[in-house]
Amino acid sequence: MNMESWCLGILAGSLGALLLPSIPDWYWPLALFMLCVALRGWFGAGVCLYLTSLSLQLHCYSTTSQQMLAQHSTIVAGTVVSIPQHYDGGSRFILQLDETVKDKAQQGAGSLLLVRWYQVPVQLQQGQRWQLPVKLKLIRGLANPGGGWTEASALVAGVVAQATVLPESAAEVLSSGVATQQQSRPDATFPRHLAANPPSLQYLGGDISIRQQLLNQLDFQLAALPTKPLMLALTLGERPFSDSLWLGLQATGLGHLISISGMHIALVFGWVLLSQRLFATVATPWIWRFSLALCTALLAAWLYSAMAGYAVPTVRALLALVLLVILRLLWRRAGGRQFSLLVAALLLLWQPFWLLSLSFWLSLLAVALVFYLSWRYPKPEGGKALFWAFLRYQLIFSLLMLPLGLLFFQGMAPLSLLSNLLFVPWCSLLVIPLLLLVFLLQIFCPWPLTLAWQGVDLLLQPLFWWLHYSAQANWWWSLPQPSVWVSLLLMAGLMLLLLPCRRRQLPLLCLFCLPFLLALRPKEAAVLHLIDVGQGTAILLQQGKHGLLYDFGPRYGAYSATEAQVLPYLRYQGIQKLDYLLLSHDDSDHSGHLALLRQAYPDAQLVSDVKRFSPELNCRQLPLQWQHFSLQVLWPPGPVAAPVKNDQSCVVWLQIYGWKVLLSGDIGSNTETGLLDLYPQLKADVLLLSHHGSHGSNKLIYLQNLAPKFALNSAGFANSYQHPSAQVRARLSLLQIPLYNTADTGALQLTLSTQELQLEAVRPGRLVKWLENLPFAAETAATTR
């Protein structure tokens with residue numbers, strides 16, 4: 001009972017840590033831990049022990065990150081430990097730092113960096129060692145509702161900073177001709193030796209990893225097969241999925257089936273363990289045969305985890321299996337519930353940041369549900385009973401996933417139950433075993449197993465078709481993000497279905513689900529969304545299911561904020577009809593990826609003065625009324641009004657319910673003066689700062705005349721332009737105008753009603769407050785502006 005209370009305390013401590021505004025220094029929970037042990041309060045001891053572990057590891061992470069970021073621009077040396085992701089003219093990969101760089105001790109040795117290298121002169125491969133001149137930056141992703149949480153993912157993965165290889169180094173390497181040097185092996189795509197000039201960028205050696213070689217081999221052999229992305233995902237954990245496949249996985253709830261996770265590792269372990277009869281000729285005594293089968297199954301699970309690149313879910317499953325094998329070899333008996341609690345507690349103590357991993361809690365929920373159902377219902381016997389037990393499990397698990405999906409993904413997949421019923425048995429019992437068998441044979445076979453791969457491709461075709469159909473039919477239902485308490489109430493209501501006593505379950509279920517149903521009621525409010533697209537602009541005006549988009553975010557090379565942020569945001573907000581696409585001016589941080597928007601919303605009309613995009617209307621032809629909004633284009637007054645591109649921005653003045661909003665594009669101070677000359681009585685309750693808050697715009701007289709209640713700004717975190725500038729911040733402070741900047745707040749949602757203006761930001765509304773309030777992050781932001 002002591003161990004069980006201790007494990008429950010660790011789980012309770014991890015859940016409680018999610019709600020803390022900040023993490024206490026490690027010595028406070030350590031002192032309380034010692035007190036609880038002295039008083040034999042094992043539950044409290046577990047809580048305090050977890051908080052101690054979390055505080056210590058967070059301190060180490062923060063210290064390492066601070067030391068790295070203090071260097072700003074530096075030279076690092078390390079090994080590429082991930083499969084590089086290649087795109088037009090660049091690559092992204094994880095670099096593990098060496099002990100030394102240029103014969104000197106390296107700061108943060110052993111730490112992981114997320115590296116972006118533009119204009120890569122050679123083909124990067126996992127296992128290579130490089131010395132790189134980089135610019136370091138704090139890890140901070142964009143914050144939009146329905147999007148990922150970059151900072152949490154970095155903590156879980158142990159990545160302490162992001163780095164960009166300085167572009168001039170790539171040019172020097174290209175000019176030195178090192179890309180054409182002799183290669184020492186046929187399968188390598190890199191020079192074995194780089195010249196000493198430039199000394200800051202050097203290839204240091206290293207062998208291509210086995211996983212990278214297998215990926216290169218499969219990438220070539222499977223090139224003609226439609227289901228190649230699914231095969232690579234299930235064998236090597238790489239997911240080169242198209243947008244359609246990603247949407248299909250979201251709409252069907254089958255992401256857990258395609259991503260190598262604990263389920264896959266457990267399946268491999270179980271398949272090998274079931275083959276223990278094959279060891280009868282190796283060792284006659286049963287005990288030796290069973291031990292050999294256990295170790296062989298564990299070895300197979302470890303190899304599969306290695307092929308998946310030691311992804312976090314596979315590592316968790318592997319550690320659980322190691323503990324299971326040790327207990328069985330020592331003949332220690334432990335019930336399923338006690339064993340699961342012990343594994344979860346030890347994993348959280350070892351890696352306390354895993355509390356931020358949704359997959360960890362989903363795995364725990366799945367295991368807990370299995371144990372509950374095995375206790376609640378009799379053991380199934382026969383095929384029919386097994387089918388009904390499987391159906392019951394999938395139904396209950398899908399229902400319990402509903403509030404979690406609403407809370408973390410802001411939507412639901414109505415096809416989830418049907419998809420899991422069809423494809424979990426199909427893939428688990430047939431497709432994945434055959435795929436891994438063919439993969440294993442291919443490793444040792446010197447020629448391509450073309451027919452075998454085609455057979456696996458044929459078996460994956462139904463799943464492939466189902467994913468594309470679900471994506472095209474838009475079976476993912478985006479819903480307004482409910483509060484944490486609404487989701488918890490819905491979870492509590494659904495858990496009532498698991499109680500043995502069914503009396504009064506229906507009334508209580510309706511009572512708990514009432515707040516959720518109220519949150520789902522249609523909303524026709526007028527809303528202005530300032531989407532977090534980094535250093536660029538994208539503004540959505542929304543009324544019900546109709547939208548008007550002002551600018552489309554940045555596009556640089558292969559990266560498109562339109563694709564990565566804007567389109568998912570439109571889907572999340574339930575925009576079914578985008579009436580107008582308004583492009584303020586011809587600049588890459590505003591024009592985005594127009595073709596994608598036209599493809600997603602073919603009926604939308606483009607309004608712009610940029611002729612190369614063939615707009616249907618120019619800026620002055622923008623309708624004066626859209627939904628409940630009154631629209632007026634204040635600038636430019638004619639087709640060619642300014643010689644400077646930024647000053648040609650389409651400035652729009654919005655009015656609704658008596659509120660006035662000014663969207664000013666990238667205009668400079670001369671155009672601001674021209675606006676005041678044309679409209680001397682111009683006022684605005686809400687102002688979008690000109691040119692992302694540049695010091696050459698937003699002059700004091702301009703801000704004084706407009707007299708906004710608050711100002712909005714769209715800029716990238718710690719951007720090289722230092723937007724919004726210190727001068728503009730000082731002017732706003734002097735006039736006592738509050739500033740809300742997407743780099744600090746994430747996406748902003750301004751609801752305009754007859755009574756009030758209600759402004760909501762993504763970052764302050766996130767569940768884990770201490771992750772947004774880390775002190776070292778604030779210090780770094782202050783020093784890099």
# chains A, B, ... in the order shown; residues from 1 in each chain; ligands from 1

$ closest_atom_pairs --of "range 40-112 of chain A" --to "range 220-239 of chain A" --cutoff "12 Å" --atoms "only C-alpha atoms" --output "CSV"
residue,atom,partner,partner_atom,distance
A:Ser82,CA,A:Glu238,CA,10.3
A:Ile83,CA,A:Glu238,CA,8.2
A:Pro84,CA,A:Glu238,CA,10.4
A:Gln85,CA,A:Glu238,CA,9.8

$ residues_around --residues "Pro145 in chain A" --least-positions-apart "6" --cutoff "10 Å" --atoms "only C-alpha atoms" --output "PDB file with C-alpha atoms, in the first residue's frame"
ATOM      1  CA  PHE A 408      -6.092  20.101 -26.897  1.00  0.00           C
ATOM      2  CA  PHE A 409      -7.120  19.965 -30.567  1.00  0.00           C
ATOM      3  CA  GLN A 410     -10.266  22.154 -30.524  1.00  0.00           C
ATOM      4  CA  PRO A 480     -14.888  26.584 -30.339  1.00  0.00           C
ATOM      5  CA  GLN A 481     -12.311  25.950 -27.669  1.00  0.00           C
ATOM      6  CA  ILE A 531      -3.306  35.532 -36.506  1.00  0.00           C
ATOM      7  CA  ASP A 532       0.163  34.803 -35.136  1.00  0.00           C
ATOM      8  CA  GLN A 565      -0.909  28.890 -39.859  1.00  0.00           C
ATOM      9  CA  PRO A 568      -5.560  25.787 -40.263  1.00  0.00           C
ATOM     10  CA  TYR A 569      -6.795  28.894 -38.413  1.00  0.00           C
ATOM     11  CA  TYR A 572     -10.506  25.990 -36.808  1.00  0.00           C
ATOM     12  CA  GLN A 573     -12.737  29.063 -36.775  1.00  0.00           C
ATOM     13  CA  GLY A 746       0.181  34.875 -29.574  1.00  0.00           C
ATOM     14  CA  ALA A 747      -2.914  35.202 -31.733  1.00  0.00           C
ATOM     15  CA  LEU A 748      -5.391  37.887 -30.673  1.00  0.00           C
ATOM     16  CA  ALA A 761      -4.960  36.240 -26.306  1.00  0.00           C
ATOM     17  CA  VAL A 762      -3.769  32.660 -26.775  1.00  0.00           C
ATOM     18  CA  ARG A 763      -0.672  32.559 -24.571  1.00  0.00           C
ATOM     19  CA  GLY A 765      -5.096  31.428 -21.787  1.00  0.00           C
ATOM     20  CA  ARG A 766      -2.906  28.338 -21.965  1.00  0.00           C
TER      21      ARG A 766
END

$ closest_residue --among "A:Leu364, A:Leu430, A:Ala311, A:Leu298" --to "Ser261 in chain A" --atoms "only C-alpha atoms"
A:Ala311

$ closest_residue --among "A:Gln123, A:Ser649, A:Ser630, A:Ser275" --to "Ser608 in chain A" --atoms "only C-alpha atoms"
A:Ser649

$ select_by_dssp --residues "range 501-735 of chain A" --states "strand (DSSP E)" --output "number ranges by chain"
A: 526-530, 539-543, 546-550, 555-556, 559-560, 577-582, 605-607, 625-626, 629-635, 651-656, 659-663, 686-688, 710-713

$ residues_around --residues "range 343-351 of chain A" --least-positions-apart "4" --cutoff "12 Å" --atoms "only C-alpha atoms" --output "NGL selection string"
:A and (3-15 or 17 or 46-58 or 155-158 or 312-313 or 315-324 or 327 or 334 or 336-339 or 355-357 or 360-361 or 363-365 or 367-368)

$ residues_around --residues "Ser669 in chain A" --least-positions-apart "5" --cutoff "12 Å" --atoms "only C-alpha atoms" --output "number ranges by chain"
A: 644, 646-647, 664, 674-676, 689-691, 693-703

$ write_last_selection --atoms "N, CA and C atoms" --output "compact mmCIF listing (two decimals), in the first residue's frame"
# COMPACT_ATOMS: atom_id res chain seq x y z
N VAL A 644 7.04 54.57 -53.05
CA VAL A 644 7.56 53.53 -52.16
C VAL A 644 6.51 52.43 -52.02
N ASN A 646 5.81 50.21 -49.72
CA ASN A 646 5.07 50.14 -48.46
C ASN A 646 3.98 51.20 -48.39
N ASP A 647 4.26 52.37 -48.97
CA ASP A 647 3.28 53.46 -48.91
C ASP A 647 2.12 53.25 -49.88
N SER A 664 -3.65 49.53 -41.19
CA SER A 664 -2.82 50.50 -41.92
C SER A 664 -1.70 49.87 -42.74
N GLY A 674 -0.25 62.18 -44.79
CA GLY A 674 -1.22 62.36 -45.85
C GLY A 674 -2.61 61.93 -45.43
N LEU A 675 -2.71 60.87 -44.65
CA LEU A 675 -4.02 60.42 -44.15
C LEU A 675 -4.66 61.48 -43.26
N LEU A 676 -3.85 62.07 -42.37
CA LEU A 676 -4.38 63.09 -41.47
C LEU A 676 -4.79 64.35 -42.23
N LEU A 689 -0.76 48.77 -35.68
CA LEU A 689 0.42 49.61 -35.91
C LEU A 689 0.93 49.45 -37.34
N SER A 690 1.36 50.57 -37.89
CA SER A 690 1.89 50.57 -39.25
C SER A 690 3.24 49.87 -39.29
N HIS A 691 3.46 49.08 -40.33
CA HIS A 691 4.75 48.45 -40.62
C HIS A 691 5.29 47.70 -39.40
N GLY A 693 5.14 48.11 -36.35
CA GLY A 693 5.69 48.90 -35.25
C GLY A 693 7.04 49.49 -35.54
N SER A 694 7.35 49.71 -36.82
CA SER A 694 8.65 50.29 -37.20
C SER A 694 8.77 51.72 -36.69
N HIS A 695 10.02 52.11 -36.36
CA HIS A 695 10.24 53.47 -35.84
C HIS A 695 10.01 54.53 -36.92
N GLY A 696 10.04 54.13 -38.22
CA GLY A 696 9.79 55.08 -39.29
C GLY A 696 8.31 55.34 -39.51
N SER A 697 7.46 54.67 -38.77
CA SER A 697 6.01 54.87 -38.83
C SER A 697 5.51 55.15 -37.43
N ASN A 698 4.17 55.27 -37.31
CA ASN A 698 3.55 55.44 -36.00
C ASN A 698 4.10 56.65 -35.25
N LYS A 699 4.15 57.78 -35.94
CA LYS A 699 4.67 59.00 -35.33
C LYS A 699 3.73 59.48 -34.22
N LEU A 700 4.27 60.29 -33.34
CA LEU A 700 3.53 60.72 -32.15
C LEU A 700 2.27 61.47 -32.53
N ILE A 701 2.36 62.38 -33.51
CA ILE A 701 1.17 63.16 -33.89
C ILE A 701 0.09 62.27 -34.49
N TYR A 702 0.53 61.24 -35.21
CA TYR A 702 -0.41 60.28 -35.80
C TYR A 702 -1.16 59.52 -34.71
N LEU A 703 -0.44 59.04 -33.70
CA LEU A 703 -1.06 58.32 -32.59
C LEU A 703 -1.95 59.24 -31.76

$ residues_around --residues "His256 in chain A" --least-positions-apart "6" --cutoff "9 Å" --atoms "only C-alpha atoms" --output "MDAnalysis selection string"
chainID A and resid 249 263 359

$ residues_around --residues "Gln217 in chain A" --least-positions-apart "2" --cutoff "12 Å" --atoms "only C-alpha atoms" --output "ChimeraX atom specification"
/A:187,210-215,219-223,232,236,439,442-443,445-449

$ residues_around --residues "Leu463 in chain A" --least-positions-apart "4" --cutoff "9 Å" --atoms "only C-alpha atoms" --output "JSON list (two decimals) with N, CA, C and O atoms, in the first residue's frame"
[["chain", "number", "residue", "atom", "x", "y", "z"],
["A", 423, "PHE", "N", -9.71, -0.39, -38.82],
["A", 423, "PHE", "CA", -8.30, -0.45, -39.20],
["A", 423, "PHE", "C", -7.35, -0.83, -38.08],
["A", 423, "PHE", "O", -6.21, -1.21, -38.38],
["A", 427, "CYS", "N", -4.68, -3.49, -39.32],
["A", 427, "CYS", "CA", -3.25, -3.15, -39.33],
["A", 427, "CYS", "C", -2.47, -3.93, -38.28],
["A", 427, "CYS", "O", -1.35, -4.39, -38.53],
["A", 459, "LEU", "N", -2.26, -4.10, -49.41],
["A", 459, "LEU", "CA", -2.95, -4.21, -48.13],
["A", 459, "LEU", "C", -3.20, -2.84, -47.49],
["A", 459, "LEU", "O", -4.17, -2.67, -46.74],
["A", 467, "LEU", "N", -8.22, 7.56, -45.67],
["A", 467, "LEU", "CA", -7.64, 8.81, -45.17],
["A", 467, "LEU", "C", -7.89, 9.95, -46.15],
["A", 467, "LEU", "O", -8.25, 11.07, -45.75],
["A", 468, "HIS", "N", -7.70, 9.69, -47.44],
["A", 468, "HIS", "CA", -7.92, 10.74, -48.43],
["A", 468, "HIS", "C", -9.40, 11.11, -48.51],
["A", 468, "HIS", "O", -9.75, 12.29, -48.65]]

$ select_by_dssp --residues "range 612-737 of chain A" --states "helix (DSSP H, G or I)" --output "ChimeraX atom specification"
/A:612-613,619-621,646-648,669-678,690-693,700-706,726-734

$ write_last_selection --atoms "C-alpha atoms" --output "PDB file, in the first residue's frame"
ATOM      1  CA  ARG A 612       0.644  40.537 -61.029  1.00  0.00           C
ATOM      2  CA  PHE A 613      -1.849  38.581 -58.910  1.00  0.00           C
ATOM      3  CA  CYS A 619      -8.610  48.478 -53.393  1.00  0.00           C
ATOM      4  CA  ARG A 620     -11.005  51.343 -54.111  1.00  0.00           C
ATOM      5  CA  GLN A 621     -13.618  48.839 -55.364  1.00  0.00           C
ATOM      6  CA  ASN A 646       5.071  50.138 -48.462  1.00  0.00           C
ATOM      7  CA  ASP A 647       3.281  53.459 -48.911  1.00  0.00           C
ATOM      8  CA  GLN A 648       1.052  51.842 -51.530  1.00  0.00           C
ATOM      9  CA  SER A 669       5.249  58.491 -41.736  1.00  0.00           C
ATOM     10  CA  ASN A 670       4.679  60.449 -44.987  1.00  0.00           C
ATOM     11  CA  THR A 671       1.535  58.468 -45.749  1.00  0.00           C
ATOM     12  CA  GLU A 672       0.390  58.844 -42.137  1.00  0.00           C
ATOM     13  CA  THR A 673       0.670  62.603 -42.561  1.00  0.00           C
ATOM     14  CA  GLY A 674      -1.221  62.359 -45.847  1.00  0.00           C
ATOM     15  CA  LEU A 675      -4.018  60.420 -44.152  1.00  0.00           C
ATOM     16  CA  LEU A 676      -4.384  63.092 -41.467  1.00  0.00           C
ATOM     17  CA  ASP A 677      -4.463  65.804 -44.155  1.00  0.00           C
ATOM     18  CA  LEU A 678      -7.210  63.959 -46.049  1.00  0.00           C
ATOM     19  CA  SER A 690       1.893  50.570 -39.253  1.00  0.00           C
ATOM     20  CA  HIS A 691       4.746  48.448 -40.615  1.00  0.00           C
ATOM     21  CA  HIS A 692       4.798  46.062 -37.626  1.00  0.00           C
ATOM     22  CA  GLY A 693       5.686  48.895 -35.248  1.00  0.00           C
ATOM     23  CA  LEU A 700       3.533  60.716 -32.152  1.00  0.00           C
ATOM     24  CA  ILE A 701       1.174  63.164 -33.888  1.00  0.00           C
ATOM     25  CA  TYR A 702      -0.413  60.276 -35.800  1.00  0.00           C
ATOM     26  CA  LEU A 703      -1.060  58.318 -32.594  1.00  0.00           C
ATOM     27  CA  GLN A 704      -2.314  61.450 -30.814  1.00  0.00           C
ATOM     28  CA  ASN A 705      -4.864  62.217 -33.518  1.00  0.00           C
ATOM     29  CA  LEU A 706      -6.175  58.655 -33.748  1.00  0.00           C
ATOM     30  CA  ALA A 726      11.708  51.074 -28.665  1.00  0.00           C
ATOM     31  CA  GLN A 727      10.693  54.520 -29.981  1.00  0.00           C
ATOM     32  CA  VAL A 728       7.173  53.355 -30.849  1.00  0.00           C
ATOM     33  CA  ARG A 729       6.824  51.642 -27.470  1.00  0.00           C
ATOM     34  CA  ALA A 730       7.879  54.875 -25.787  1.00  0.00           C
ATOM     35  CA  ARG A 731       5.309  56.903 -27.766  1.00  0.00           C
ATOM     36  CA  LEU A 732       2.536  54.467 -26.852  1.00  0.00           C
ATOM     37  CA  SER A 733       3.600  54.524 -23.212  1.00  0.00           C
ATOM     38  CA  LEU A 734       3.632  58.330 -23.222  1.00  0.00           C
TER      39      LEU A 734
END

$ atom_distance --atom1 "CA of Gly253 in chain A" --atom2 "CA of Leu460 in chain A"
16.8 Å

$ closest_residue --among "A:Gln535, A:Val610, A:Ala154, A:His546" --to "Pro724 in chain A" --atoms "only C-alpha atoms"
A:Gln535

$ atom_distance --atom1 "CA of Val325 in chain A" --atom2 "CA of Cys295 in chain A"
7.5 Å

$ atom_distance --atom1 "CA of Val80 in chain A" --atom2 "CA of Phe93 in chain A"
6.8 Å
